[in-house]
file model_39.cif (mmCIF, C-alpha atoms)
data_final
loop_
_atom_site.label_atom_id
_atom_site.label_comp_id
_atom_site.auth_asym_id
_atom_site.auth_seq_id
_atom_site.Cartn_x
_atom_site.Cartn_y
_atom_site.Cartn_z
CA MET A 264 8.28 19.52 -15.66
CA SER A 265 9.09 16.44 -17.68
CA ASP A 266 6.44 13.73 -17.97
CA ILE A 267 9.00 11.34 -16.52
CA LEU A 268 8.23 12.77 -13.08
CA GLN A 269 4.72 13.88 -12.22
CA ARG A 270 3.93 16.30 -9.40
CA GLU A 271 0.59 16.85 -7.73
CA ASP A 272 0.00 19.29 -4.87
CA THR A 273 -3.08 18.52 -2.81
CA GLY A 274 -3.37 20.98 0.01
CA ALA A 275 -0.13 20.86 2.02
CA ILE A 276 0.94 17.49 0.57
CA THR A 277 3.01 17.05 -2.58
CA THR A 278 3.02 13.73 -4.43
CA LEU A 279 5.90 12.93 -6.78
CA THR A 280 5.32 9.99 -9.12
CA LEU A 281 8.24 8.34 -10.90
CA ASN A 282 6.66 7.90 -14.33
CA ASP A 283 8.83 5.70 -16.51
CA PRO A 284 7.11 2.32 -16.16
CA ALA A 285 8.79 0.92 -19.28
CA THR A 286 12.10 0.92 -17.36
CA LEU A 287 10.47 0.17 -14.00
CA ASN A 288 11.04 3.83 -13.10
CA SER A 289 14.81 3.55 -13.34
CA LEU A 290 16.96 6.38 -12.03
CA SER A 291 18.02 7.46 -15.50
CA ASP A 292 19.82 10.73 -16.22
CA GLU A 293 16.44 12.27 -17.02
CA MET A 294 14.80 10.97 -13.84
CA LEU A 295 17.62 12.21 -11.62
CA ALA A 296 17.50 15.65 -13.24
CA ALA A 297 13.73 15.87 -12.83
CA LEU A 298 13.92 14.77 -9.19
CA SER A 299 16.64 17.30 -8.41
CA ALA A 300 14.65 20.15 -9.95
CA GLN A 301 11.44 19.26 -8.14
CA LEU A 302 13.13 18.74 -4.77
CA SER A 303 14.79 22.14 -5.10
CA ASP A 304 11.42 23.74 -5.75
CA ILE A 305 9.66 21.88 -2.93
CA ALA A 306 12.38 22.89 -0.46
CA GLN A 307 11.41 26.55 -0.98
CA SER A 308 7.66 25.88 -0.88
CA PRO A 309 5.18 25.97 2.02
CA GLN A 310 4.29 22.29 1.46
CA LYS A 311 4.38 20.19 4.64
CA ALA A 312 4.89 16.60 3.46
CA VAL A 313 5.99 14.74 0.33
CA ILE A 314 4.88 11.33 -0.94
CA LEU A 315 7.21 9.55 -3.38
CA ARG A 316 5.73 6.72 -5.43
CA GLY A 317 6.17 4.88 -8.73
CA ALA A 318 3.85 4.38 -11.70
CA GLY A 319 3.17 0.98 -13.24
CA LYS A 320 4.36 -2.33 -11.82
CA ALA A 321 7.17 -1.13 -9.59
CA PHE A 322 8.41 1.59 -7.31
CA CYS A 323 11.93 1.76 -8.76
CA ALA A 324 14.32 -0.86 -10.14
CA GLY A 325 17.50 1.19 -9.66
CA HIS A 326 19.87 2.74 -12.17
CA ASN A 327 19.27 2.61 -15.93
CA LEU A 328 21.63 -0.16 -17.07
CA ARG A 329 21.30 0.68 -20.79
CA GLN A 330 22.53 4.21 -20.15
CA MET A 331 25.32 2.87 -17.98
CA GLN A 332 26.48 0.44 -20.66
CA ALA A 333 26.53 3.28 -23.21
CA MET A 334 28.93 5.17 -20.94
CA ARG A 335 31.55 2.47 -21.57
CA GLN A 336 32.11 3.86 -25.08
CA ALA A 337 34.15 6.76 -23.66
CA PRO A 338 37.97 6.57 -23.97
CA ASP A 339 38.28 5.91 -20.23
CA GLY A 340 35.79 3.04 -20.39
CA GLY A 341 33.17 5.15 -18.67
CA ALA A 342 35.01 5.77 -15.40
CA ALA A 343 34.35 9.53 -15.34
CA ALA A 344 30.73 9.12 -16.42
CA PHE A 345 30.10 6.44 -13.80
CA ALA A 346 31.59 8.64 -11.06
CA ASP A 347 29.44 11.55 -12.24
CA LEU A 348 26.32 9.36 -12.24
CA PHE A 349 26.86 8.20 -8.68
CA ASP A 350 27.66 11.76 -7.56
CA ARG A 351 24.38 12.98 -9.10
CA CYS A 352 22.43 10.17 -7.51
CA THR A 353 24.05 10.83 -4.13
CA ALA A 354 23.19 14.52 -4.49
CA VAL A 355 19.51 13.69 -5.07
CA MET A 356 19.51 11.41 -2.03
CA ALA A 357 21.04 14.26 -0.01
CA GLN A 358 18.36 16.64 -1.29
CA MET A 359 15.70 14.29 0.01
CA ARG A 360 17.42 14.01 3.39
CA ASP A 361 17.96 17.78 3.61
CA LEU A 362 14.44 18.64 2.46
CA PRO A 363 12.62 20.51 5.25
CA GLN A 364 9.50 18.43 4.65
CA PRO A 365 9.30 14.75 5.65
CA VAL A 366 9.39 12.40 2.63
CA ILE A 367 7.27 9.25 2.71
CA ALA A 368 7.90 6.45 0.22
CA GLN A 369 4.76 4.67 -1.05
CA VAL A 370 6.26 1.41 -2.27
CA HIS A 371 4.83 -1.38 -4.42
CA GLY A 372 6.11 -4.08 -6.74
CA ILE A 373 9.86 -3.96 -6.38
CA ALA A 374 12.39 -1.57 -4.91
CA ALA A 375 15.76 -2.78 -6.13
CA ALA A 376 19.36 -1.53 -5.99
CA ALA A 377 19.26 2.30 -6.07
CA GLY A 378 15.48 2.04 -5.77
CA CYS A 379 15.92 0.25 -2.45
CA GLN A 380 18.47 2.92 -1.54
CA MET A 381 15.81 5.56 -2.17
CA VAL A 382 13.36 3.80 0.16
CA ALA A 383 16.04 3.62 2.86
CA ASN A 384 16.82 7.28 2.30
CA CYS A 385 13.21 8.45 2.74
CA ASP A 386 12.16 9.59 6.20
CA MET A 387 9.35 7.02 6.33
CA ALA A 388 8.04 4.29 4.06
CA ILE A 389 4.90 2.22 3.68
CA ALA A 390 4.74 -0.73 1.29
CA ASP A 391 2.08 -3.14 0.19
CA THR A 392 2.47 -6.71 1.34
CA ASP A 393 3.40 -7.94 -2.15
CA THR A 394 6.46 -5.68 -2.42
CA ARG A 395 9.97 -7.10 -2.63
CA PHE A 396 13.15 -5.26 -1.65
CA ALA A 397 16.62 -6.10 -2.95
CA VAL A 398 20.10 -4.74 -3.46
CA ASN A 399 20.76 -7.24 -6.20
CA GLY A 400 23.60 -5.70 -8.20
CA VAL A 401 25.87 -8.57 -7.14
CA ASN A 402 23.77 -10.82 -9.39
CA ILE A 403 25.20 -9.02 -12.44
CA GLY A 404 28.67 -8.56 -10.95
CA LEU A 405 28.18 -5.06 -9.51
CA PHE A 406 28.17 -4.77 -5.72
CA CYS A 407 25.59 -2.19 -4.59
CA SER A 408 28.13 -0.07 -2.74
CA THR A 409 26.35 3.29 -2.88
CA PRO A 410 22.92 1.81 -1.97
CA MET A 411 24.73 0.13 0.93
CA VAL A 412 25.24 3.48 2.66
CA ALA A 413 21.55 4.16 3.29
CA LEU A 414 20.68 0.47 3.73
CA SER A 415 23.28 -0.12 6.44
CA ARG A 416 21.99 2.92 8.33
CA ASN A 417 18.45 1.53 8.41
CA MET A 418 18.92 -2.19 9.05
CA PRO A 419 20.99 -4.51 11.24
CA ARG A 420 24.39 -4.83 9.62
CA LYS A 421 24.47 -8.58 9.20
CA ARG A 422 21.11 -8.69 7.45
CA ALA A 423 22.08 -5.78 5.21
CA PHE A 424 25.33 -7.53 4.31
CA GLU A 425 23.46 -10.73 3.56
CA MET A 426 21.20 -8.86 1.12
CA LEU A 427 24.19 -7.19 -0.51
CA THR A 428 26.25 -10.36 -0.96
CA THR A 429 23.48 -12.76 -1.99
CA GLY A 430 21.29 -10.42 -4.06
CA ASP A 431 18.26 -12.08 -2.48
CA ALA A 432 15.05 -10.10 -2.10
CA ILE A 433 13.21 -9.73 1.18
CA SER A 434 9.47 -9.42 1.74
CA ALA A 435 7.61 -6.35 2.91
CA GLN A 436 7.08 -8.03 6.28
CA ASP A 437 10.83 -8.69 6.61
CA ALA A 438 11.49 -5.09 5.59
CA THR A 439 9.17 -3.96 8.39
CA ASP A 440 10.75 -6.24 10.97
CA LEU A 441 14.24 -5.06 9.97
CA GLY A 442 13.37 -1.36 10.10
CA LEU A 443 13.67 -0.63 6.39
CA ILE A 444 10.02 0.46 6.20
CA ASN A 445 7.48 1.58 8.78
CA ARG A 446 4.82 -1.01 7.92
CA ALA A 447 3.35 -3.27 5.26
CA VAL A 448 -0.32 -2.93 4.36
CA ALA A 449 -2.79 -4.62 2.03
CA PRO A 450 -2.31 -3.50 -1.59
CA ASP A 451 -5.73 -1.87 -1.78
CA THR A 452 -4.99 0.25 1.30
CA LEU A 453 -1.48 1.39 0.33
CA ALA A 454 -2.48 4.77 -1.08
CA PRO A 455 -4.95 5.73 1.65
CA GLU A 456 -2.57 4.58 4.41
CA THR A 457 0.25 6.67 2.94
CA ILE A 458 -1.99 9.70 2.51
CA ALA A 459 -3.25 9.33 6.08
CA LEU A 460 0.33 9.35 7.39
CA ALA A 461 1.20 12.39 5.25
CA GLU A 462 -1.92 14.21 6.47
CA LYS A 463 -1.05 13.49 10.08
CA VAL A 464 2.46 14.89 9.57
CA ALA A 465 1.06 17.90 7.69
CA SER A 466 -1.32 18.65 10.56
CA LYS A 467 1.58 19.40 12.89
CA LEU A 468 3.33 22.74 13.29
CA SER A 469 5.57 22.86 10.21
CA SER A 470 8.31 24.95 11.81
CA ALA A 471 8.66 22.38 14.61
CA VAL A 472 8.81 19.47 12.15
CA ARG A 473 11.41 21.23 9.99
CA ILE A 474 13.64 21.98 12.98
CA GLY A 475 13.17 18.44 14.26
CA LYS A 476 13.95 16.73 10.96
CA SER A 477 17.21 18.63 10.58
CA ALA A 478 18.23 17.84 14.16
CA PHE A 479 17.26 14.17 13.81
CA TYR A 480 19.71 13.43 11.01
CA THR A 481 22.47 15.59 12.41
CA GLN A 482 22.43 14.11 15.90
CA VAL A 483 22.15 10.48 14.88
CA GLU A 484 25.70 10.45 13.48
CA ARG A 485 27.27 12.21 16.48
CA PRO A 486 28.60 11.01 19.85
CA ILE A 487 25.91 11.15 22.51
CA ALA A 488 27.26 14.24 24.32
CA ASP A 489 27.44 16.20 21.06
CA ALA A 490 23.99 14.92 20.09
CA TYR A 491 22.48 16.22 23.32
CA ALA A 492 24.14 19.62 22.88
CA LEU A 493 22.84 19.88 19.33
CA THR A 494 19.31 18.83 20.23
CA ARG A 495 19.28 21.22 23.19
CA ASP A 496 19.92 24.06 20.76
CA ALA A 497 17.25 22.72 18.41
CA MET A 498 14.68 22.72 21.21
CA VAL A 499 15.64 26.25 22.26
CA GLN A 500 15.19 27.35 18.63
CA ASN A 501 11.84 25.55 18.51
CA LEU A 502 10.66 27.15 21.75
CA ALA A 503 11.43 30.59 20.32
CA GLN A 504 8.73 30.10 17.68
CA PRO A 505 5.54 32.10 18.45
CA ASP A 506 3.41 29.16 17.30
CA THR A 507 5.13 26.91 19.83
CA ASP A 508 4.28 29.40 22.55
CA GLU A 509 0.66 29.28 21.35
CA GLY A 510 0.67 25.47 21.21
CA MET A 511 1.92 25.12 24.77
CA GLN A 512 -0.50 27.72 26.11
CA ALA A 513 -3.37 26.03 24.28
CA PHE A 514 -2.47 22.71 25.93
CA ILE A 515 -2.46 24.34 29.36
CA GLU A 516 -5.83 25.93 28.62
CA LYS A 517 -7.22 22.67 27.20
CA ARG A 518 -8.10 24.10 23.78
CA ALA A 519 -6.98 23.66 20.19
CA PRO A 520 -3.96 25.80 19.19
CA ASN A 521 -4.65 28.81 17.02
CA TRP A 522 -2.14 28.18 14.22
CA ASP A 523 -2.52 29.90 10.87
#
call {"tool": "encode", "arguments": {"input": "model_39.cif", "output": "structure tokens"}}
result
Amino acid sequence: MSDILQREDTGAITTLTLNDPATLNSLSDEMLAALSAQLSDIAQSPQKAVILRGAGKAFCAGHNLRQMQAMRQAPDGGAAAFADLFDRCTAVMAQMRDLPQPVIAQVHGIAAAAGCQMVANCDMAIADTDTRFAVNGVNIGLFCSTPMVALSRNMPRKRAFEMLTTGDAISAQDATDLGLINRAVAPDTLAPETIALAEKVASKLSSAVRIGKSAFYTQVERPIADAYALTRDAMVQNLAQPDTDEGMQAFIEKRAPNWD
């Protein structure tokens, strides 16, 4: 694994650290490739939860603008390279969404542009109270259209559009109130709070969480009748798991479930 992305497995929890502080952990070509490789590996692993965080002063400042400017040297002015970049970034976001394990963003400093997109794309997020969130591409003449997809599915539309058109940053408390993150905590408690959430998730029956995560994102985009049909099937699949049988019987018998 490249040093640009560090991985640490502690028990059932994997921590991925974006490790390019000189660029505020930008989503460079190298970072996207490293993330894709690690997410592919984690998807096939028995790990139960993933924490995503950034090294240095920030979580992630978005795409690497120096690399993007270099793409303009191509005969087409960079059009093909830009399209490829956004396709690769979208693919990484989809990997995170499709990952069987819940992904929790541990956010500090700034989460801007595609970095804010990544927070919105994670299943849960905790930030310290000093964090700022922005989709500020409009400030340099580039509307954050791809980050808009995840942002507008997490926040009220008018507030998301205000962020996109003004480039203004919002506070961690605003991000909590608007549903972009789960909660804001004191800076010195950010890591332990995130770990505690990951440990709580990891303590649950992993097969149930995996089935539930897949159903959650599938149903939310469907009409209500289709959503209920899909989630009915998900619950039937979940109930067929031997460990679910054990969990229900243990509850009836007022004892802890015997899960391996």
call {"tool": "axis_aligned_box", "arguments": {"input": "model_39.cif", "around": "stretch 410-416 of chain A", "padding_each_side": "5 Å", "output": "lines of an AutoDock Vina configuration file"}}
result
center_x = 23.0
center_y = 2.0
center_z = 3.2
size_x = 14.6
size_y = 14.3
size_z = 20.3
call {"tool": "resolve_selection", "arguments": {"input": "model_39.cif", "expression": "the PyMOL selection byres ((chain A and resi 431-434) around 7)", "output": "PyMOL selection string"}}
result
chain A and resi 394-397+399+426+429-430+435-438
call {"tool": "resolve_selection", "arguments": {"input": "model_39.cif", "expression": "the PyMOL selection byres ((chain A and resi 273) around 12)", "output": "PDB file with C-alpha atoms, in the coordinates of the input"}}
result
ATOM      1  CA  ARG A 270       3.930  16.300  -9.400  1.00  0.00           C
ATOM      2  CA  GLU A 271       0.590  16.850  -7.730  1.00  0.00           C
ATOM      3  CA  ASP A 272       0.000  19.290  -4.870  1.00  0.00           C
ATOM      4  CA  GLY A 274      -3.370  20.980   0.010  1.00  0.00           C
ATOM      5  CA  ALA A 275      -0.130  20.860   2.020  1.00  0.00           C
ATOM      6  CA  ILE A 276       0.940  17.490   0.570  1.00  0.00           C
ATOM      7  CA  THR A 277       3.010  17.050  -2.580  1.00  0.00           C
ATOM      8  CA  THR A 278       3.020  13.730  -4.430  1.00  0.00           C
ATOM      9  CA  LEU A 279       5.900  12.930  -6.780  1.00  0.00           C
ATOM     10  CA  GLN A 310       4.290  22.290   1.460  1.00  0.00           C
ATOM     11  CA  LYS A 311       4.380  20.190   4.640  1.00  0.00           C
ATOM     12  CA  ALA A 312       4.890  16.600   3.460  1.00  0.00           C
ATOM     13  CA  VAL A 313       5.990  14.740   0.330  1.00  0.00           C
ATOM     14  CA  ILE A 314       4.880  11.330  -0.940  1.00  0.00           C
ATOM     15  CA  ILE A 458      -1.990   9.700   2.510  1.00  0.00           C
ATOM     16  CA  ALA A 461       1.200  12.390   5.250  1.00  0.00           C
ATOM     17  CA  GLU A 462      -1.920  14.210   6.470  1.00  0.00           C
ATOM     18  CA  ALA A 465       1.060  17.900   7.690  1.00  0.00           C
TER      19      ALA A 465
END
call {"tool": "resolve_selection", "arguments": {"input": "model_39.cif", "expression": "the PyMOL selection byres ((chain A and resi 387) around 8)", "output": "PyMOL selection string"}}
result
chain A and resi 365-368+385-386+388-389+444-445
call {"tool": "atom_distance", "arguments": {"input": "model_39.cif", "atom1": "atom CA of A:Phe514", "atom2": "atom CA of A:Lys476"}}
result
23.0 Å
call {"tool": "closest_residue", "arguments": {"input": "model_39.cif", "among": "A:Val355, A:Leu493, A:Leu348, A:Leu298", "to": "A:Tyr480", "atoms": "all atoms listed in the file"}}
result
A:Leu493
